[in-house]
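See below for query_31.pdb, which holds PDB, C-alpha atoms, pLDDT in the B column.
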```
ATOM      1  CA  GLY A   7     215.996   3.831  73.969  1.00 72.00           C
ATOM      2  CA  GLU A   8     213.401   4.846  76.513  1.00 78.00           C
ATOM      3  CA  ASN A   9     211.108   2.184  77.896  1.00 90.00           C
ATOM      4  CA  VAL A  10     208.450   1.524  80.512  1.00 95.00           C
ATOM      5  CA  GLU A  11     208.596  -1.704  82.500  1.00 96.00           C
ATOM      6  CA  GLN A  12     205.356  -2.957  84.011  1.00 97.00           C
ATOM      7  CA  HIS A  13     204.928  -5.683  86.662  1.00 97.00           C
ATOM      8  CA  PRO A  14     203.396  -8.116  87.166  1.00 97.00           C
ATOM      9  CA  SER A  15     202.287  -9.331  83.736  1.00 96.00           C
ATOM     10  CA  THR A  16     199.455 -11.317  85.329  1.00 97.00           C
ATOM     11  CA  LEU A  17     197.744 -10.754  88.675  1.00 98.00           C
ATOM     12  CA  SER A  18     195.009 -12.850  90.248  1.00 98.00           C
ATOM     13  CA  VAL A  19     193.190 -11.631  93.369  1.00 98.00           C
ATOM     14  CA  GLN A  20     190.125 -12.581  95.357  1.00 98.00           C
ATOM     15  CA  GLU A  21     187.130 -10.264  95.178  1.00 98.00           C
ATOM     16  CA  GLY A  22     187.452  -7.615  97.863  1.00 97.00           C
ATOM     17  CA  ASP A  23     191.245  -7.775  98.008  1.00 97.00           C
ATOM     18  CA  SER A  24     193.568  -5.023  96.797  1.00 98.00           C
ATOM     19  CA  ALA A  25     195.600  -5.094  93.588  1.00 98.00           C
ATOM     20  CA  VAL A  26     198.839  -3.214  92.946  1.00 98.00           C
ATOM     21  CA  ILE A  27     200.509  -2.770  89.560  1.00 98.00           C
ATOM     22  CA  LYS A  28     203.932  -1.141  89.292  1.00 98.00           C
ATOM     23  CA  CYS A  29     205.687   0.681  86.463  1.00 98.00           C
ATOM     24  CA  THR A  30     209.194   2.040  86.055  1.00 98.00           C
ATOM     25  CA  TYR A  31     210.153   4.509  83.339  1.00 96.00           C
ATOM     26  CA  SER A  32     213.519   5.570  81.970  1.00 94.00           C
ATOM     27  CA  ASP A  33     212.868   8.963  80.287  1.00 90.00           C
ATOM     28  CA  SER A  34     213.526  11.599  82.950  1.00 90.00           C
ATOM     29  CA  ALA A  35     211.669  14.181  80.830  1.00 89.00           C
ATOM     30  CA  SER A  36     208.351  12.300  81.238  1.00 91.00           C
ATOM     31  CA  ASN A  37     205.782  14.485  82.969  1.00 91.00           C
ATOM     32  CA  TYR A  38     202.425  12.728  82.485  1.00 93.00           C
ATOM     33  CA  PHE A  39     201.543   9.213  83.601  1.00 96.00           C
ATOM     34  CA  PRO A  40     198.155   7.800  82.545  1.00 95.00           C
ATOM     35  CA  TRP A  41     196.662   4.400  83.289  1.00 97.00           C
ATOM     36  CA  TYR A  42     194.368   2.744  80.765  1.00 97.00           C
ATOM     37  CA  LYS A  43     191.998  -0.191  81.245  1.00 97.00           C
ATOM     38  CA  GLN A  44     191.251  -2.497  78.330  1.00 96.00           C
ATOM     39  CA  GLU A  45     188.500  -5.069  78.599  1.00 95.00           C
ATOM     40  CA  LEU A  46     188.634  -8.097  76.342  1.00 92.00           C
ATOM     41  CA  GLY A  47     188.049  -7.089  72.714  1.00 90.00           C
ATOM     42  CA  LYS A  48     187.485  -3.449  73.618  1.00 94.00           C
ATOM     43  CA  ARG A  49     189.403  -0.214  73.264  1.00 95.00           C
ATOM     44  CA  PRO A  50     191.722   1.137  76.002  1.00 96.00           C
ATOM     45  CA  GLN A  51     190.076   3.753  78.241  1.00 96.00           C
ATOM     46  CA  LEU A  52     191.691   6.143  80.683  1.00 96.00           C
ATOM     47  CA  ILE A  53     190.924   5.372  84.322  1.00 97.00           C
ATOM     48  CA  ILE A  54     193.282   7.741  86.122  1.00 97.00           C
ATOM     49  CA  ASP A  55     196.321   9.890  85.412  1.00 95.00           C
ATOM     50  CA  ILE A  56     198.928  11.817  87.361  1.00 94.00           C
ATOM     51  CA  ARG A  57     201.274  14.662  86.481  1.00 91.00           C
ATOM     52  CA  SER A  58     204.854  15.017  87.579  1.00 87.00           C
ATOM     53  CA  ASN A  59     204.118  17.804  90.078  1.00 85.00           C
ATOM     54  CA  VAL A  60     201.811  15.534  92.096  1.00 84.00           C
ATOM     55  CA  GLY A  61     202.796  12.591  94.296  1.00 91.00           C
ATOM     56  CA  GLU A  62     199.448  10.862  94.688  1.00 95.00           C
ATOM     57  CA  LYS A  63     195.948  10.988  93.218  1.00 95.00           C
ATOM     58  CA  LYS A  64     192.831   9.102  94.233  1.00 96.00           C
ATOM     59  CA  ASP A  65     189.476   8.478  92.548  1.00 94.00           C
ATOM     60  CA  GLN A  66     187.125   6.297  94.602  1.00 96.00           C
ATOM     61  CA  ARG A  67     188.669   2.779  94.678  1.00 97.00           C
ATOM     62  CA  ILE A  68     191.578   3.694  92.404  1.00 98.00           C
ATOM     63  CA  ALA A  69     194.754   5.530  93.375  1.00 98.00           C
ATOM     64  CA  VAL A  70     198.042   6.250  91.675  1.00 98.00           C
ATOM     65  CA  THR A  71     201.347   7.172  93.302  1.00 97.00           C
ATOM     66  CA  LEU A  72     204.402   8.690  91.652  1.00 96.00           C
ATOM     67  CA  ASN A  73     208.022   8.742  92.828  1.00 95.00           C
ATOM     68  CA  LYS A  74     209.872  10.946  90.345  1.00 93.00           C
ATOM     69  CA  THR A  75     213.249  10.400  91.973  1.00 93.00           C
ATOM     70  CA  ALA A  76     212.964   6.644  91.539  1.00 94.00           C
ATOM     71  CA  LYS A  77     211.092   6.997  88.200  1.00 95.00           C
ATOM     72  CA  HIS A  78     208.430   4.722  89.568  1.00 96.00           C
ATOM     73  CA  PHE A  79     204.636   4.893  89.632  1.00 97.00           C
ATOM     74  CA  SER A  80     201.966   2.482  90.795  1.00 98.00           C
ATOM     75  CA  LEU A  81     198.250   1.790  90.412  1.00 98.00           C
ATOM     76  CA  HIS A  82     196.312   0.682  93.489  1.00 98.00           C
ATOM     77  CA  ILE A  83     192.817  -0.790  93.256  1.00 98.00           C
ATOM     78  CA  THR A  84     191.047  -1.438  96.554  1.00 97.00           C
ATOM     79  CA  GLU A  85     187.981  -3.613  97.196  1.00 98.00           C
ATOM     80  CA  THR A  86     188.348  -5.294  93.823  1.00 98.00           C
ATOM     81  CA  GLN A  87     185.245  -6.471  91.976  1.00 97.00           C
ATOM     82  CA  PRO A  88     184.850  -8.990  89.119  1.00 96.00           C
ATOM     83  CA  GLU A  89     184.242  -6.094  86.708  1.00 96.00           C
ATOM     84  CA  ASP A  90     187.770  -4.873  87.458  1.00 98.00           C
ATOM     85  CA  SER A  91     189.050  -7.888  85.487  1.00 98.00           C
ATOM     86  CA  ALA A  92     190.841  -6.473  82.424  1.00 97.00           C
ATOM     87  CA  VAL A  93     194.285  -5.586  81.086  1.00 97.00           C
ATOM     88  CA  TYR A  94     195.785  -2.438  82.598  1.00 98.00           C
ATOM     89  CA  PHE A  95     198.421  -0.371  80.814  1.00 97.00           C
ATOM     90  CA  CYS A  96     200.622   2.292  82.292  1.00 97.00           C
ATOM     91  CA  ALA A  97     202.283   4.933  80.128  1.00 95.00           C
ATOM     92  CA  ALA A  98     204.861   7.692  80.463  1.00 94.00           C
ATOM     93  CA  SER A  99     204.561  10.789  78.281  1.00 91.00           C
ATOM     94  CA  ARG A 100     206.478  13.956  77.672  1.00 85.00           C
ATOM     95  CA  ASN A 101     205.900  17.006  75.566  1.00 76.00           C
ATOM     96  CA  THR A 102     209.294  18.662  75.721  1.00 70.00           C
ATOM     97  CA  GLY A 103     211.902  17.922  73.067  1.00 63.00           C
ATOM     98  CA  GLY A 104     209.213  16.312  70.944  1.00 65.00           C
ATOM     99  CA  PHE A 105     206.132  14.350  71.846  1.00 72.00           C
ATOM    100  CA  LYS A 106     206.634  10.829  73.133  1.00 78.00           C
ATOM    101  CA  THR A 107     204.346   8.342  74.857  1.00 86.00           C
ATOM    102  CA  ILE A 108     205.661   4.922  75.844  1.00 91.00           C
ATOM    103  CA  PHE A 109     203.270   2.246  77.097  1.00 93.00           C
ATOM    104  CA  GLY A 110     204.063  -0.623  79.421  1.00 95.00           C
ATOM    105  CA  ALA A 111     203.392  -4.167  78.210  1.00 94.00           C
ATOM    106  CA  GLY A 112     200.242  -4.501  80.298  1.00 96.00           C
ATOM    107  CA  THR A 113     199.003  -6.415  83.358  1.00 97.00           C
ATOM    108  CA  ARG A 114     196.180  -8.899  83.042  1.00 97.00           C
ATOM    109  CA  LEU A 115     194.121  -8.683  86.239  1.00 98.00           C
ATOM    110  CA  PHE A 116     191.763 -11.494  87.212  1.00 97.00           C
ATOM    111  CA  VAL A 117     189.358 -10.875  90.086  1.00 98.00           C
ATOM    112  CA  LYS A 118     187.865 -14.130  91.349  1.00 96.00           C
ATOM    113  CA  ALA A 119     184.361 -13.998  92.796  1.00 91.00           C
TER     114      ALA A 119
ATOM    115  CA  ASN B  16     178.920  12.024  69.615  1.00 78.00           C
ATOM    116  CA  ALA B  17     180.474   8.911  68.089  1.00 86.00           C
ATOM    117  CA  GLY B  18     183.925   9.750  69.520  1.00 95.00           C
ATOM    118  CA  VAL B  19     186.682   8.026  67.524  1.00 97.00           C
ATOM    119  CA  THR B  20     185.609   5.689  64.733  1.00 97.00           C
ATOM    120  CA  GLN B  21     187.696   3.331  62.619  1.00 98.00           C
ATOM    121  CA  THR B  22     187.075   1.341  59.470  1.00 97.00           C
ATOM    122  CA  PRO B  23     187.303  -1.483  58.719  1.00 97.00           C
ATOM    123  CA  LYS B  24     186.905  -3.567  61.897  1.00 96.00           C
ATOM    124  CA  PHE B  25     188.587  -6.615  60.375  1.00 96.00           C
ATOM    125  CA  GLN B  26     190.790  -7.113  57.318  1.00 97.00           C
ATOM    126  CA  VAL B  27     192.732  -9.997  55.808  1.00 97.00           C
ATOM    127  CA  LEU B  28     195.452  -9.186  53.286  1.00 97.00           C
ATOM    128  CA  LYS B  29     197.922 -11.193  51.288  1.00 97.00           C
ATOM    129  CA  THR B  30     201.599 -10.306  51.459  1.00 98.00           C
ATOM    130  CA  GLY B  31     202.327  -7.388  49.133  1.00 97.00           C
ATOM    131  CA  GLN B  32     198.790  -6.010  49.043  1.00 97.00           C
ATOM    132  CA  SER B  33     198.091  -2.437  50.080  1.00 97.00           C
ATOM    133  CA  MET B  34     195.315  -0.928  52.137  1.00 96.00           C
ATOM    134  CA  THR B  35     194.313   2.191  54.022  1.00 98.00           C
ATOM    135  CA  LEU B  36     192.878   2.234  57.530  1.00 98.00           C
ATOM    136  CA  GLN B  37     190.506   5.113  58.137  1.00 97.00           C
ATOM    137  CA  CYS B  38     190.023   7.032  61.364  1.00 98.00           C
ATOM    138  CA  ALA B  39     187.753   9.943  62.213  1.00 98.00           C
ATOM    139  CA  GLN B  40     186.929  11.860  65.407  1.00 97.00           C
ATOM    140  CA  ASP B  41     184.068  14.236  66.102  1.00 96.00           C
ATOM    141  CA  MET B  42     185.415  15.789  69.328  1.00 95.00           C
ATOM    142  CA  ASN B  43     187.236  18.695  67.624  1.00 94.00           C
ATOM    143  CA  HIS B  44     190.538  17.313  68.901  1.00 93.00           C
ATOM    144  CA  ASN B  45     193.821  18.710  67.648  1.00 91.00           C
ATOM    145  CA  SER B  46     196.034  15.627  67.884  1.00 92.00           C
ATOM    146  CA  MET B  47     195.591  12.176  66.429  1.00 94.00           C
ATOM    147  CA  TYR B  48     197.636   8.968  66.721  1.00 94.00           C
ATOM    148  CA  TRP B  49     198.056   5.524  65.228  1.00 97.00           C
ATOM    149  CA  TYR B  50     199.159   2.619  67.444  1.00 96.00           C
ATOM    150  CA  ARG B  51     199.642  -1.063  66.926  1.00 97.00           C
ATOM    151  CA  GLN B  52     198.981  -3.573  69.672  1.00 96.00           C
ATOM    152  CA  ASP B  53     200.732  -6.925  69.694  1.00 93.00           C
ATOM    153  CA  PRO B  54     200.397  -9.607  72.375  1.00 83.00           C
ATOM    154  CA  GLY B  55     202.670  -8.930  75.339  1.00 77.00           C
ATOM    155  CA  MET B  56     203.979  -5.664  73.892  1.00 79.00           C
ATOM    156  CA  GLY B  57     201.442  -3.045  74.855  1.00 87.00           C
ATOM    157  CA  LEU B  58     200.685  -0.199  72.471  1.00 93.00           C
ATOM    158  CA  ARG B  59     203.406   1.136  70.190  1.00 94.00           C
ATOM    159  CA  LEU B  60     203.095   4.468  68.429  1.00 92.00           C
ATOM    160  CA  ILE B  61     203.393   4.308  64.643  1.00 95.00           C
ATOM    161  CA  TYR B  62     202.733   7.931  63.629  1.00 95.00           C
ATOM    162  CA  TYR B  63     201.076  10.935  65.144  1.00 92.00           C
ATOM    163  CA  SER B  64     199.706  14.278  64.036  1.00 93.00           C
ATOM    164  CA  ALA B  65     200.041  17.011  66.639  1.00 89.00           C
ATOM    165  CA  SER B  66     197.785  19.312  64.661  1.00 88.00           C
ATOM    166  CA  GLU B  67     196.127  19.568  61.267  1.00 90.00           C
ATOM    167  CA  GLY B  68     198.784  19.726  58.557  1.00 89.00           C
ATOM    168  CA  THR B  69     201.572  18.042  60.547  1.00 91.00           C
ATOM    169  CA  THR B  70     202.626  14.416  60.929  1.00 94.00           C
ATOM    170  CA  ASP B  71     205.592  12.825  62.702  1.00 91.00           C
ATOM    171  CA  LYS B  72     207.075   9.377  63.114  1.00 92.00           C
ATOM    172  CA  GLY B  73     206.549   7.437  66.293  1.00 90.00           C
ATOM    173  CA  GLU B  74     208.326   4.397  67.637  1.00 89.00           C
ATOM    174  CA  VAL B  75     207.623   1.937  64.762  1.00 94.00           C
ATOM    175  CA  PRO B  76     206.956   3.885  61.501  1.00 96.00           C
ATOM    176  CA  ASN B  77     208.644   1.565  58.994  1.00 96.00           C
ATOM    177  CA  GLY B  78     206.253   0.158  56.402  1.00 96.00           C
ATOM    178  CA  TYR B  79     203.540   2.742  57.066  1.00 98.00           C
ATOM    179  CA  ASN B  80     202.479   6.149  55.805  1.00 97.00           C
ATOM    180  CA  VAL B  81     199.857   8.540  57.145  1.00 98.00           C
ATOM    181  CA  SER B  82     197.713  11.415  55.952  1.00 97.00           C
ATOM    182  CA  ARG B  83     196.011  14.011  58.112  1.00 96.00           C
ATOM    183  CA  LEU B  84     193.241  14.738  55.649  1.00 89.00           C
ATOM    184  CA  ASN B  85     191.635  17.447  57.794  1.00 95.00           C
ATOM    185  CA  LYS B  86     191.110  18.078  61.479  1.00 95.00           C
ATOM    186  CA  ARG B  87     188.707  15.124  61.786  1.00 97.00           C
ATOM    187  CA  GLU B  88     190.423  12.429  59.751  1.00 97.00           C
ATOM    188  CA  PHE B  89     193.761  10.626  60.008  1.00 98.00           C
ATOM    189  CA  SER B  90     194.462   7.634  57.755  1.00 98.00           C
ATOM    190  CA  LEU B  91     197.136   4.941  57.919  1.00 98.00           C
ATOM    191  CA  ARG B  92     198.390   3.285  54.744  1.00 98.00           C
ATOM    192  CA  LEU B  93     200.237   0.026  54.291  1.00 97.00           C
ATOM    193  CA  GLU B  94     201.829   0.135  50.837  1.00 93.00           C
ATOM    194  CA  SER B  95     203.055  -3.468  50.710  1.00 96.00           C
ATOM    195  CA  ALA B  96     201.740  -5.521  53.605  1.00 96.00           C
ATOM    196  CA  ALA B  97     204.005  -8.027  55.358  1.00 97.00           C
ATOM    197  CA  PRO B  98     203.119 -10.801  57.868  1.00 97.00           C
ATOM    198  CA  SER B  99     204.971  -8.792  60.549  1.00 96.00           C
ATOM    199  CA  GLN B 100     202.248  -6.160  60.234  1.00 97.00           C
ATOM    200  CA  THR B 101     199.607  -8.570  61.515  1.00 97.00           C
ATOM    201  CA  SER B 102     198.296  -6.725  64.553  1.00 97.00           C
ATOM    202  CA  VAL B 103     195.430  -4.778  66.049  1.00 97.00           C
ATOM    203  CA  TYR B 104     195.578  -1.121  65.034  1.00 98.00           C
ATOM    204  CA  PHE B 105     194.136   1.616  67.217  1.00 97.00           C
ATOM    205  CA  CYS B 106     193.588   5.202  66.277  1.00 97.00           C
ATOM    206  CA  ALA B 107     193.382   7.764  69.085  1.00 95.00           C
ATOM    207  CA  SER B 108     192.878  11.478  69.506  1.00 94.00           C
ATOM    208  CA  SER B 109     193.526  14.066  72.193  1.00 91.00           C
ATOM    209  CA  ALA B 110     192.294  17.590  72.690  1.00 89.00           C
ATOM    210  CA  LEU B 111     195.676  19.237  73.104  1.00 80.00           C
ATOM    211  CA  ALA B 112     198.732  19.083  70.882  1.00 71.00           C
ATOM    212  CA  GLY B 113     200.959  17.218  73.291  1.00 67.00           C
ATOM    213  CA  GLY B 114     201.546  14.033  75.207  1.00 67.00           C
ATOM    214  CA  ASP B 115     200.254  15.255  78.533  1.00 75.00           C
ATOM    215  CA  ASN B 116     196.535  14.807  78.097  1.00 82.00           C
ATOM    216  CA  GLU B 117     194.022  11.982  77.804  1.00 89.00           C
ATOM    217  CA  GLN B 118     193.900   9.995  74.598  1.00 92.00           C
ATOM    218  CA  PHE B 119     190.558   8.657  73.347  1.00 95.00           C
ATOM    219  CA  PHE B 120     190.828   5.431  71.405  1.00 96.00           C
ATOM    220  CA  GLY B 121     188.813   4.024  68.522  1.00 97.00           C
ATOM    221  CA  PRO B 122     187.454   0.451  68.542  1.00 97.00           C
ATOM    222  CA  GLY B 123     190.453  -0.960  66.641  1.00 97.00           C
ATOM    223  CA  THR B 124     191.075  -2.736  63.346  1.00 97.00           C
ATOM    224  CA  ARG B 125     192.207  -6.354  63.467  1.00 96.00           C
ATOM    225  CA  LEU B 126     194.528  -6.924  60.499  1.00 97.00           C
ATOM    226  CA  THR B 127     195.871 -10.284  59.389  1.00 97.00           C
ATOM    227  CA  VAL B 128     198.519 -10.498  56.669  1.00 97.00           C
ATOM    228  CA  LEU B 129     198.943 -13.958  55.162  1.00 96.00           C
TER     229      LEU B 129
END
```
When written as structure tokens, how does the structure in this file appear?
Amino acid sequence: GENVEQHPSTLSVQEGDSAVIKCTYSDSASNYFPWYKQELGKRPQLIIDIRSNVGEKKDQRIAVTLNKTAKHFSLHITETQPEDSAVYFCAASRNTGGFKTIFGAGTRLFVKA
Amino acid sequence: NAGVTQTPKFQVLKTGQSMTLQCAQDMNHNSMYWYRQDPGMGLRLIYYSASEGTTDKGEVPNGYNVSRLNKREFSLRLESAAPSQTSVYFCASSALAGGDNEQFFGPGTRLTVL
């Protein structure tokens, strides 16, 4: 069946460095790609999303890129801060042929002060 | 606005017991979802309701039933709990009836089945 692979599972960076998390999806009908941040013991919250007709989107220190041909999308966080430490989930969604959202397994990001 | 609320926050069941997890949203959203979150496996969709009066199976529906009571409320029922259902359960809602818009999550219910 369809799946979303997310790498790495754990990422440790120094404060101020950049962090990159990559996801690959298999369902070619996916057209919406959100990224959620989940702090320890809290609920997931959307931080950025991208649609299939866009190649890149940026919001302050966060950016997402999408390569539809390769079925690959990535989250980039620049100038990382300790409060960026959390688990990040990517997801691939479609609305045609029935609703489906598949989440990646998550990346635990540690930002060391 | 409270957003998405869930009750209870924690629950311990014995194998074979039943229970219902409650979820409500006050954002006038059309779609609601139930996920389970297990370590190292991300979020997996159990059931969803695209709009009031409709429900559909997600990725892992076995052992669960749902009821979309009205536009605000979407409950998840475990008829005969099993240890494999030990997990954190999240309810979510979205404004539009489809997968291509932001989902707002509740605080979660941590369920342990002994």
_Hits of the PyMOL selection byres ((chain B and resi 109) around 12) in this structure, as a ChimeraX atom specification_ = /A:52 /B:18-19,40-49,63-66,86-87,106-108,110-121
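Within the file as shown, the PyMOL selection byres ((chain A) within 9 of (chain B)) identifies Ser15, Asn37, Tyr38, Phe39, Pro40, Gly47, Lys48, Arg49, Pro50, Gln51, Leu52, Asp55, Arg57, Phe95, Ala98, Ser99, Arg100, Asn101, Thr102, Gly104, Phe105, Lys106, Thr107, Ile108, Phe109, Gly110, Ala111 and Gly112 of chain A.
When the PyMOL selection byres ((chain A and resi 83) around 10) is evaluated against the file, it yields Gly22, Asp23, Ser24, Ala25, Val26, Ile27, Lys64, Asp65, Gln66, Arg67, Ile68, Ala69, Val70, Leu81, His82, Thr84, Glu85, Thr86, Gln87 and Asp90 of chain A.
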*Would you work out the distance separating CA of Asn77 (chain B) from CA of Gln32 (chain B), expressed in Å to one decimal?*
15.9 Å
*Can you list, as a ChimeraX atom specification, every protein, DNA or RNA residue that comes within 7 Å of Ser91 (chain A) when you count all atoms listed in the file, leaving out same-chain residues fewer than 5 positions away?*
/A:115-117
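Distance check against Ser36 (chain A) using only C-alpha atoms: of A:Ile53, A:Lys77, A:Ala92, A:His13, the minimum falls on A:Lys77.
Taking CA of Tyr31 (chain A) and CA of Ile54 (chain A) as the two end points, the separation is 17.4 Å.
Taking CA of Gln12 (chain A) and CA of Lys43 (chain A) as the two end points, the separation is 13.9 Å.
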*With all atoms listed in the file counted, which protein, DNA or RNA residues have an atom no more than 12 Å from (207.3, 8.5, 93.3) in the file frame? Please answer as number ranges by chain.*
A: 28-31, 39, 56-63, 70-81
Using only C-alpha atoms, please write the residues we just selected to a file, as a short mmCIF file (atom, residue, chain, number, x, y, z; two decimals), in the frame of the given file.
```cif
data_model
loop_
_atom_site.label_atom_id
_atom_site.label_comp_id
_atom_site.auth_asym_id
_atom_site.auth_seq_id
_atom_site.Cartn_x
_atom_site.Cartn_y
_atom_site.Cartn_z
CA LYS A 28 203.93 -1.14 89.29
CA CYS A 29 205.69 0.68 86.46
CA THR A 30 209.19 2.04 86.06
CA TYR A 31 210.15 4.51 83.34
CA PHE A 39 201.54 9.21 83.60
CA ILE A 56 198.93 11.82 87.36
CA ARG A 57 201.27 14.66 86.48
CA SER A 58 204.85 15.02 87.58
CA ASN A 59 204.12 17.80 90.08
CA VAL A 60 201.81 15.53 92.10
CA GLY A 61 202.80 12.59 94.30
CA GLU A 62 199.45 10.86 94.69
CA LYS A 63 195.95 10.99 93.22
CA VAL A 70 198.04 6.25 91.68
CA THR A 71 201.35 7.17 93.30
CA LEU A 72 204.40 8.69 91.65
CA ASN A 73 208.02 8.74 92.83
CA LYS A 74 209.87 10.95 90.34
CA THR A 75 213.25 10.40 91.97
CA ALA A 76 212.96 6.64 91.54
CA LYS A 77 211.09 7.00 88.20
CA HIS A 78 208.43 4.72 89.57
CA PHE A 79 204.64 4.89 89.63
CA SER A 80 201.97 2.48 90.80
CA LEU A 81 198.25 1.79 90.41
#
```
Rebuild region 121-128 of chain B so that it carries all heavy atoms, then output the result as an mmCIF file, in the coordinates of the input.
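Generated output (result.cif):
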```cif
data_model
loop_
_atom_site.group_PDB
_atom_site.id
_atom_site.type_symbol
_atom_site.label_atom_id
_atom_site.label_comp_id
_atom_site.auth_asym_id
_atom_site.auth_seq_id
_atom_site.Cartn_x
_atom_site.Cartn_y
_atom_site.Cartn_z
ATOM 1 N N GLY B 121 189.843 4.631 69.348
ATOM 2 C CA GLY B 121 188.813 4.024 68.522
ATOM 3 C C GLY B 121 188.667 2.556 68.866
ATOM 4 O O GLY B 121 189.406 2.027 69.695
ATOM 5 N N PRO B 122 187.731 1.857 68.213
ATOM 6 C CA PRO B 122 187.454 0.451 68.542
ATOM 7 C C PRO B 122 188.491 -0.525 68.017
ATOM 8 O O PRO B 122 188.484 -1.694 68.406
ATOM 9 C CB PRO B 122 186.097 0.200 67.893
ATOM 10 C CG PRO B 122 186.050 1.167 66.766
ATOM 11 C CD PRO B 122 186.789 2.379 67.224
ATOM 12 N N GLY B 123 189.393 -0.086 67.140
ATOM 13 C CA GLY B 123 190.453 -0.960 66.641
ATOM 14 C C GLY B 123 190.117 -1.620 65.313
ATOM 15 O O GLY B 123 188.950 -1.805 64.956
ATOM 16 N N THR B 124 191.177 -1.958 64.585
ATOM 17 C CA THR B 124 191.075 -2.736 63.346
ATOM 18 C C THR B 124 191.985 -3.949 63.499
ATOM 19 O O THR B 124 193.181 -3.788 63.753
ATOM 20 C CB THR B 124 191.529 -1.937 62.120
ATOM 21 O OG1 THR B 124 190.643 -0.842 61.908
ATOM 22 C CG2 THR B 124 191.567 -2.817 60.882
ATOM 23 N N ARG B 125 191.400 -5.133 63.365
ATOM 24 C CA ARG B 125 192.207 -6.354 63.467
ATOM 25 C C ARG B 125 192.650 -6.746 62.073
ATOM 26 O O ARG B 125 191.830 -7.086 61.235
ATOM 27 C CB ARG B 125 191.397 -7.471 64.115
ATOM 28 C CG ARG B 125 192.216 -8.718 64.425
ATOM 29 C CD ARG B 125 191.398 -9.731 65.210
ATOM 30 N NE ARG B 125 191.057 -9.248 66.532
ATOM 31 C CZ ARG B 125 191.835 -9.370 67.594
ATOM 32 N NH1 ARG B 125 193.010 -9.973 67.485
ATOM 33 N NH2 ARG B 125 191.439 -8.905 68.761
ATOM 34 N N LEU B 126 193.963 -6.659 61.823
ATOM 35 C CA LEU B 126 194.528 -6.924 60.499
ATOM 36 C C LEU B 126 195.355 -8.202 60.525
ATOM 37 O O LEU B 126 196.210 -8.368 61.387
ATOM 38 C CB LEU B 126 195.412 -5.756 60.065
ATOM 39 C CG LEU B 126 196.175 -5.940 58.744
ATOM 40 C CD1 LEU B 126 195.206 -6.014 57.575
ATOM 41 C CD2 LEU B 126 197.188 -4.831 58.533
ATOM 42 N N THR B 127 195.079 -9.071 59.568
ATOM 43 C CA THR B 127 195.871 -10.284 59.389
ATOM 44 C C THR B 127 196.493 -10.249 57.998
ATOM 45 O O THR B 127 195.789 -10.019 57.014
ATOM 46 C CB THR B 127 195.003 -11.545 59.523
ATOM 47 O OG1 THR B 127 194.398 -11.555 60.829
ATOM 48 C CG2 THR B 127 195.851 -12.802 59.357
ATOM 49 N N VAL B 128 197.810 -10.451 57.950
ATOM 50 C CA VAL B 128 198.519 -10.498 56.669
ATOM 51 C C VAL B 128 199.043 -11.919 56.467
ATOM 52 O O VAL B 128 199.829 -12.421 57.277
ATOM 53 C CB VAL B 128 199.683 -9.493 56.616
ATOM 54 C CG1 VAL B 128 200.343 -9.529 55.237
ATOM 55 C CG2 VAL B 128 199.187 -8.093 56.932
#
```
